[in-house]
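Here is model-v2.tsv, consisting of TSV, C-alpha atoms:
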```
chain	number	residue	atom	x	y	z
R	95	MET	CA	-16.16	10.78	12.55
R	96	SER	CA	-18.84	11.36	9.91
R	97	GLN	CA	-18.31	9.96	6.42
R	98	THR	CA	-14.53	9.87	6.70
R	99	PRO	CA	-12.95	8.50	3.51
R	100	VAL	CA	-10.74	5.51	4.31
R	101	PHE	CA	-8.40	3.81	1.88
R	102	ILE	CA	-7.08	0.33	2.62
R	103	THR	CA	-3.92	-0.09	0.58
R	104	VAL	CA	-1.62	-3.07	0.11
R	105	ASP	CA	2.03	-2.97	-0.91
R	106	VAL	CA	2.24	-6.23	-2.89
R	107	GLU	CA	5.92	-7.13	-2.82
R	108	PRO	CA	8.36	-9.90	-1.84
R	109	ASP	CA	8.71	-10.75	1.84
R	110	CYS	CA	9.93	-7.83	3.96
R	111	PRO	CA	12.49	-6.34	1.57
R	112	PRO	CA	15.40	-5.88	1.75
R	113	PHE	CA	15.78	-8.39	4.60
R	114	LEU	CA	14.28	-11.49	2.98
R	115	ASN	CA	14.25	-12.95	-0.52
R	116	THR	CA	11.17	-15.17	-0.30
R	117	TRP	CA	7.56	-15.04	-1.52
R	118	ARG	CA	5.50	-16.53	1.32
R	119	GLY	CA	3.46	-13.38	1.60
R	120	ILE	CA	2.19	-13.81	-1.94
R	121	ASP	CA	1.71	-17.58	-1.68
R	122	GLU	CA	0.27	-17.75	1.85
R	123	GLY	CA	-0.63	-14.26	3.05
R	124	MET	CA	-2.35	-12.87	-0.02
R	125	PRO	CA	-5.15	-15.49	-0.18
R	126	LYS	CA	-5.97	-14.80	3.49
R	127	LEU	CA	-6.00	-11.06	2.90
R	128	CYS	CA	-8.23	-11.35	-0.17
R	129	ARG	CA	-10.73	-13.48	1.73
R	130	LEU	CA	-10.86	-10.93	4.54
R	131	LEU	CA	-11.42	-8.04	2.13
R	132	ASP	CA	-14.16	-9.99	0.38
R	133	GLU	CA	-15.86	-10.83	3.67
R	134	GLU	CA	-15.67	-7.21	4.82
R	135	ARG	CA	-16.80	-5.91	1.39
R	136	VAL	CA	-13.81	-3.62	1.05
R	137	ARG	CA	-12.12	-2.72	-2.21
R	138	ALA	CA	-8.44	-2.00	-1.69
R	139	THR	CA	-5.76	-0.34	-3.75
R	140	MET	CA	-3.08	-2.91	-4.55
R	141	PHE	CA	0.30	-1.29	-5.16
R	142	VAL	CA	2.04	-4.13	-7.00
R	143	THR	CA	5.66	-4.43	-8.12
R	144	GLY	CA	6.37	-5.46	-11.69
R	145	ASP	CA	8.30	-8.47	-10.37
R	146	VAL	CA	5.23	-9.75	-8.52
R	147	ALA	CA	3.00	-9.25	-11.56
R	148	ARG	CA	5.36	-11.21	-13.79
R	149	ARG	CA	5.60	-14.06	-11.28
R	150	TYR	CA	1.89	-14.17	-10.42
R	151	PRO	CA	-0.09	-12.89	-13.44
R	152	ALA	CA	-3.20	-14.93	-12.61
R	153	MET	CA	-3.32	-13.38	-9.13
R	154	ILE	CA	-3.17	-9.87	-10.61
R	155	ASP	CA	-6.03	-10.65	-12.97
R	156	ARG	CA	-8.06	-11.96	-10.02
R	157	LEU	CA	-7.44	-8.79	-8.00
R	158	VAL	CA	-8.71	-6.66	-10.88
R	159	ALA	CA	-11.71	-8.96	-11.45
R	160	ASP	CA	-12.58	-8.66	-7.75
R	161	GLY	CA	-12.80	-4.88	-8.08
R	162	HIS	CA	-9.57	-3.85	-6.40
R	163	GLU	CA	-7.60	-0.95	-7.84
R	164	LEU	CA	-4.30	-1.93	-9.44
R	165	GLY	CA	-1.52	0.51	-8.61
R	166	CYS	CA	2.24	0.50	-9.15
R	167	HIS	CA	4.91	-0.10	-6.50
R	168	GLY	CA	7.94	0.13	-8.77
R	169	ASP	CA	9.40	-2.74	-10.74
R	170	THR	CA	11.99	-4.44	-8.52
R	171	HIS	CA	11.24	-2.73	-5.17
R	172	ALA	CA	14.42	-0.69	-5.51
R	173	SER	CA	14.50	2.49	-3.46
R	174	PHE	CA	13.91	5.47	-5.76
R	175	ALA	CA	15.91	7.55	-3.29
R	176	THR	CA	19.07	5.72	-4.42
R	177	LEU	CA	18.40	5.62	-8.17
R	178	THR	CA	19.67	7.90	-10.89
R	179	PRO	CA	17.02	9.57	-13.07
R	180	GLU	CA	17.78	7.02	-15.79
R	181	GLN	CA	17.32	4.12	-13.39
R	182	SER	CA	14.09	5.62	-12.06
R	183	GLU	CA	12.79	5.91	-15.61
R	184	ARG	CA	13.56	2.25	-16.27
R	185	GLU	CA	11.82	1.14	-13.06
R	186	ILE	CA	8.70	3.12	-14.04
R	187	VAL	CA	8.67	2.04	-17.68
R	188	ASP	CA	9.17	-1.67	-16.96
R	189	ALA	CA	6.62	-1.82	-14.15
R	190	THR	CA	4.07	0.21	-16.07
R	191	ARG	CA	4.30	-1.98	-19.15
R	192	THR	CA	3.83	-5.11	-17.04
R	193	LEU	CA	0.95	-3.82	-14.90
R	194	ARG	CA	-1.04	-2.12	-17.65
R	195	ALA	CA	-1.28	-5.46	-19.42
R	196	HIS	CA	-3.70	-6.33	-16.59
R	197	GLY	CA	-5.68	-3.11	-16.26
R	198	ASP	CA	-5.67	0.67	-16.03
R	199	VAL	CA	-3.01	1.97	-13.61
R	200	VAL	CA	-2.92	5.61	-12.52
R	201	SER	CA	-1.83	5.39	-8.84
R	202	PHE	CA	1.74	4.98	-7.62
R	203	ARG	CA	3.53	4.33	-4.35
R	204	ALA	CA	7.30	4.19	-4.08
R	205	PRO	CA	8.99	1.40	-2.10
R	206	TYR	CA	9.91	2.44	1.45
R	207	LEU	CA	7.73	5.56	0.99
R	208	ARG	CA	10.72	7.41	-0.44
R	209	LEU	CA	10.34	9.33	-3.68
R	210	PRO	CA	12.47	12.26	-4.85
R	211	VAL	CA	10.21	15.10	-5.99
R	212	ARG	CA	11.90	15.11	-9.40
R	213	THR	CA	10.45	11.64	-10.05
R	214	LEU	CA	6.92	13.06	-10.07
R	215	THR	CA	7.55	14.46	-13.55
R	216	GLN	CA	8.53	11.01	-14.80
R	217	LEU	CA	5.39	9.52	-13.30
R	218	ARG	CA	3.12	12.16	-14.81
R	219	LEU	CA	4.65	11.66	-18.24
R	220	ALA	CA	4.07	7.92	-17.85
R	221	GLY	CA	0.36	8.56	-17.32
R	222	TYR	CA	0.16	8.46	-13.52
R	223	ARG	CA	-2.13	10.93	-11.79
R	224	LEU	CA	-1.90	10.07	-8.07
R	225	ASP	CA	1.05	9.41	-5.81
R	226	SER	CA	0.93	7.98	-2.28
R	227	SER	CA	4.66	7.85	-1.59
R	228	ALA	CA	4.75	10.28	1.34
R	229	GLY	CA	3.98	9.19	4.89
R	230	ARG	CA	2.62	11.41	7.66
R	231	HIS	CA	4.46	9.20	10.16
R	232	LYS	CA	7.73	9.97	8.35
R	233	THR	CA	7.21	13.65	7.49
R	234	LEU	CA	4.86	15.72	9.61
R	235	SER	CA	4.47	18.21	6.78
R	236	ALA	CA	3.09	15.53	4.43
R	237	ARG	CA	-0.39	16.52	3.27
R	238	VAL	CA	-2.80	16.22	0.37
R	239	GLU	CA	-1.46	18.52	-2.32
R	240	VAL	CA	-0.83	18.83	-6.03
R	241	VAL	CA	2.81	18.83	-7.12
R	242	ASP	CA	3.79	19.00	-10.79
R	243	GLY	CA	0.30	17.99	-11.84
R	244	MET	CA	0.25	14.93	-9.55
R	245	LEU	CA	-2.24	14.58	-6.70
R	246	ARG	CA	-0.24	13.48	-3.66
R	247	VAL	CA	-2.19	11.66	-0.94
R	248	PRO	CA	0.09	10.53	1.91
R	249	ALA	CA	-0.16	7.35	3.91
R	250	SER	CA	-1.42	8.09	7.41
R	251	ILE	CA	0.49	5.64	9.62
R	252	THR	CA	3.01	2.86	9.27
R	253	SER	CA	1.68	-0.67	8.79
R	254	SER	CA	2.99	-2.10	12.06
R	255	THR	CA	0.77	0.36	13.96
R	256	LEU	CA	-2.26	-1.69	12.96
R	257	ARG	CA	-0.83	-4.60	14.96
R	258	TRP	CA	-0.74	-2.60	18.19
R	259	PRO	CA	-3.23	-3.51	20.93
R	260	ALA	CA	-6.64	-1.97	20.25
R	261	ALA	CA	-6.36	0.24	23.34
R	262	LEU	CA	-3.39	1.98	21.71
R	263	ARG	CA	-4.35	1.62	18.06
R	264	ASN	CA	-7.94	2.87	18.09
R	265	PRO	CA	-7.33	6.29	19.70
R	266	LEU	CA	-4.71	6.94	17.02
R	267	LEU	CA	-7.03	5.83	14.21
R	268	ALA	CA	-9.73	8.11	15.59
R	269	VAL	CA	-7.66	11.26	15.08
R	270	LEU	CA	-6.13	10.58	11.66
R	271	SER	CA	-6.42	13.44	9.23
R	272	LYS	CA	-8.78	12.96	6.30
R	273	PRO	CA	-8.50	10.97	4.19
R	274	ALA	CA	-7.23	8.05	6.27
R	275	VAL	CA	-4.80	5.96	4.24
R	276	VAL	CA	-3.59	2.76	5.90
R	277	PHE	CA	-1.37	0.13	4.36
R	278	VAL	CA	-0.34	-3.45	4.93
R	279	HIS	CA	1.89	-6.03	3.25
R	280	PRO	CA	0.95	-9.64	2.38
R	281	TRP	CA	3.96	-10.95	4.30
R	282	GLU	CA	2.52	-9.53	7.54
R	283	PHE	CA	-0.11	-12.27	7.38
R	284	VAL	CA	2.56	-14.99	7.53
R	285	ASP	CA	3.85	-15.93	10.98
R	286	LEU	CA	7.34	-14.40	11.06
R	287	ARG	CA	7.59	-14.09	14.84
R	288	ARG	CA	10.44	-16.59	15.17
R	289	THR	CA	12.59	-15.06	12.47
R	290	SER	CA	15.51	-12.73	13.08
R	291	LEU	CA	13.73	-9.75	11.49
R	292	ARG	CA	13.69	-6.53	13.43
R	293	PHE	CA	10.88	-6.39	15.97
R	294	ASP	CA	8.48	-4.05	14.13
R	295	CYS	CA	8.53	-6.37	11.11
R	296	ARG	CA	7.83	-9.60	12.95
R	297	PHE	CA	5.71	-8.89	16.03
R	298	LYS	CA	2.10	-10.13	15.87
R	299	THR	CA	2.49	-11.34	12.29
R	300	GLY	CA	0.33	-14.14	10.92
R	301	ASP	CA	-3.31	-14.66	11.89
R	302	THR	CA	-3.05	-12.03	14.63
R	303	ALA	CA	-2.16	-9.40	12.04
R	304	LEU	CA	-5.14	-10.49	9.96
R	305	ALA	CA	-7.45	-10.12	12.96
R	306	CYS	CA	-6.01	-6.67	13.67
R	307	LEU	CA	-6.75	-5.56	10.11
R	308	ARG	CA	-10.32	-6.83	10.42
R	309	ASP	CA	-10.68	-4.93	13.69
R	310	THR	CA	-9.31	-1.80	12.02
R	311	ILE	CA	-11.82	-2.03	9.17
R	312	ARG	CA	-14.69	-2.54	11.60
R	313	PHE	CA	-13.49	0.32	13.79
R	314	PHE	CA	-13.69	2.70	10.85
R	315	ARG	CA	-17.01	1.26	9.68
R	316	ASN	CA	-18.53	1.79	13.12
R	317	ARG	CA	-17.55	5.45	12.80
R	318	SER	CA	-19.40	5.84	9.47
R	319	ALA	CA	-16.30	5.60	7.31
R	320	VAL	CA	-16.60	5.24	3.54
R	321	PHE	CA	-14.13	2.81	1.99
R	322	GLY	CA	-12.88	3.20	-1.56
R	323	ALA	CA	-10.02	2.92	-4.02
R	324	MET	CA	-7.40	5.64	-4.07
R	325	ARG	CA	-8.08	6.62	-7.65
R	326	GLU	CA	-11.44	7.92	-6.45
R	327	CYS	CA	-9.52	10.83	-4.90
R	328	LEU	CA	-9.02	12.11	-8.43
R	329	THR	CA	-12.76	12.73	-8.62
R	330	THR	CA	-13.51	13.81	-5.07
R	331	MET	CA	-10.51	16.15	-4.98
R	332	ALA	CA	-10.76	17.30	-8.58
R	333	GLY	CA	-10.76	20.95	-7.46
R	334	ARG	CA	-7.14	20.58	-6.40
R	335	LEU	CA	-5.96	19.50	-9.86
```

Could you write out this structure as structure tokens?
Amino acid sequence: MSQTPVFITVDVEPDCPPFLNTWRGIDEGMPKLCRLLDEERVRATMFVTGDVARRYPAMIDRLVADGHELGCHGDTHASFATLTPEQSEREIVDATRTLRAHGDVVSFRAPYLRLPVRTLTQLRLAGYRLDSSAGRHKTLSARVEVVDGMLRVPASITSSTLRWPAALRNPLLAVLSKPAVVFVHPWEFVDLRRTSLRFDCRFKTGDTALACLRDTIRFFRNRSAVFGAMRECLTTMAGRL
């Protein structure tokens, strides 16, 4: 795999919504994740909810100072698939106002990777240029494309896949379509194995999940991958816009 672009993305949100109402991922998991990314010299795209940014403004400033891209993950982590157009507009407006107080924000990912196509117009009018709300693991037809003036770059695989054993995970990573877009959540780096969460949310969480992410980064690096922030797609794929 020669010079494959790889984007490490993080959905910065409360713990495993809608099942929990806690913030251990931000308090405990996020510092571990940031240390790993610093050690591996990887800049990630942080899709942050407005709620998180209001609760942890110093953390958001640190992410920007460390060179990570600040993206939007909605305001309250409500599913855009269930919102009226008016409610969607409010989610976008409130989150955008909060996040842009910390830096430039042009990339968006909807909670649960569910975004009605009509919402793309609202995002474009709010100044967004890139959307990563589709998932190839959810919709086989998901691909890099321009819709209503927005560059859509789908996520490649679901986050729990990165916690699979390497013998299963690596062959899948090796055949991902370009660009490879993987995502994780801060709460995955908290040990949730003894909770009553569904299995895909809790298995191999904690330090094991952190080790799996490190292995994933090194797997791509050993195959000459180039890591970057998602907004860089706007330059490299400018011919599509």

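Here CA of Arg148 in chain R is placed at a distance of 24.5 Å from CA of Leu130 in chain R.
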
For Pro108 in chain R: contacts at 9 Å, all atoms listed in the file, fewer than 5 positions along chain excluded, given as a count of residues only: 13

For a quick check of your reading of the model, name the residues lying within 12 Å of the coordinate (4.4, -12.0, 14.0), counting only C-alpha atoms, and write them as number ranges by chain. R: 254, 257-258, 281-304, 306

Spatial neighbours of Thr233 in chain R, max dist 12 Å, all atoms listed in the file, sep filter under 2 positions, as a list in words: Leu207, Arg208, Ser227, Ala228, Gly229, Arg230, His231, Ser235, Ala236, Arg237, Pro248, Ala249, Ser250, Ile251 and Thr252 of chain R

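The residue that comes closest to Asn316 in chain R, out of R:Asn264, R:Thr213, R:Pro111, R:Met140 and on the basis of all atoms listed in the file, is R:Asn264.
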
Could you please determine the separation between CA of Gly197 in chain R and CA of Met153 in chain R in Å, to one decimal place?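 CA of Gly197 in chain R sits 12.7 Å away from CA of Met153 in chain R.
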
Spatial neighbours of Glu185 in chain R, max dist 8 Å, all atoms listed in the file, sep filter under 6 positions, as a list in words: Gly168, Asp169 and Thr170 of chain R

Mind dumping the selected residues with C-alpha atoms as a compact mmCIF listing (two decimals), in the frame of the given file?
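Output contents, as saved in out17.txt:
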```txt
# COMPACT_ATOMS: atom_id res chain seq x y z
CA GLY R 168 7.94 0.13 -8.77
CA ASP R 169 9.40 -2.74 -10.74
CA THR R 170 11.99 -4.44 -8.52
```
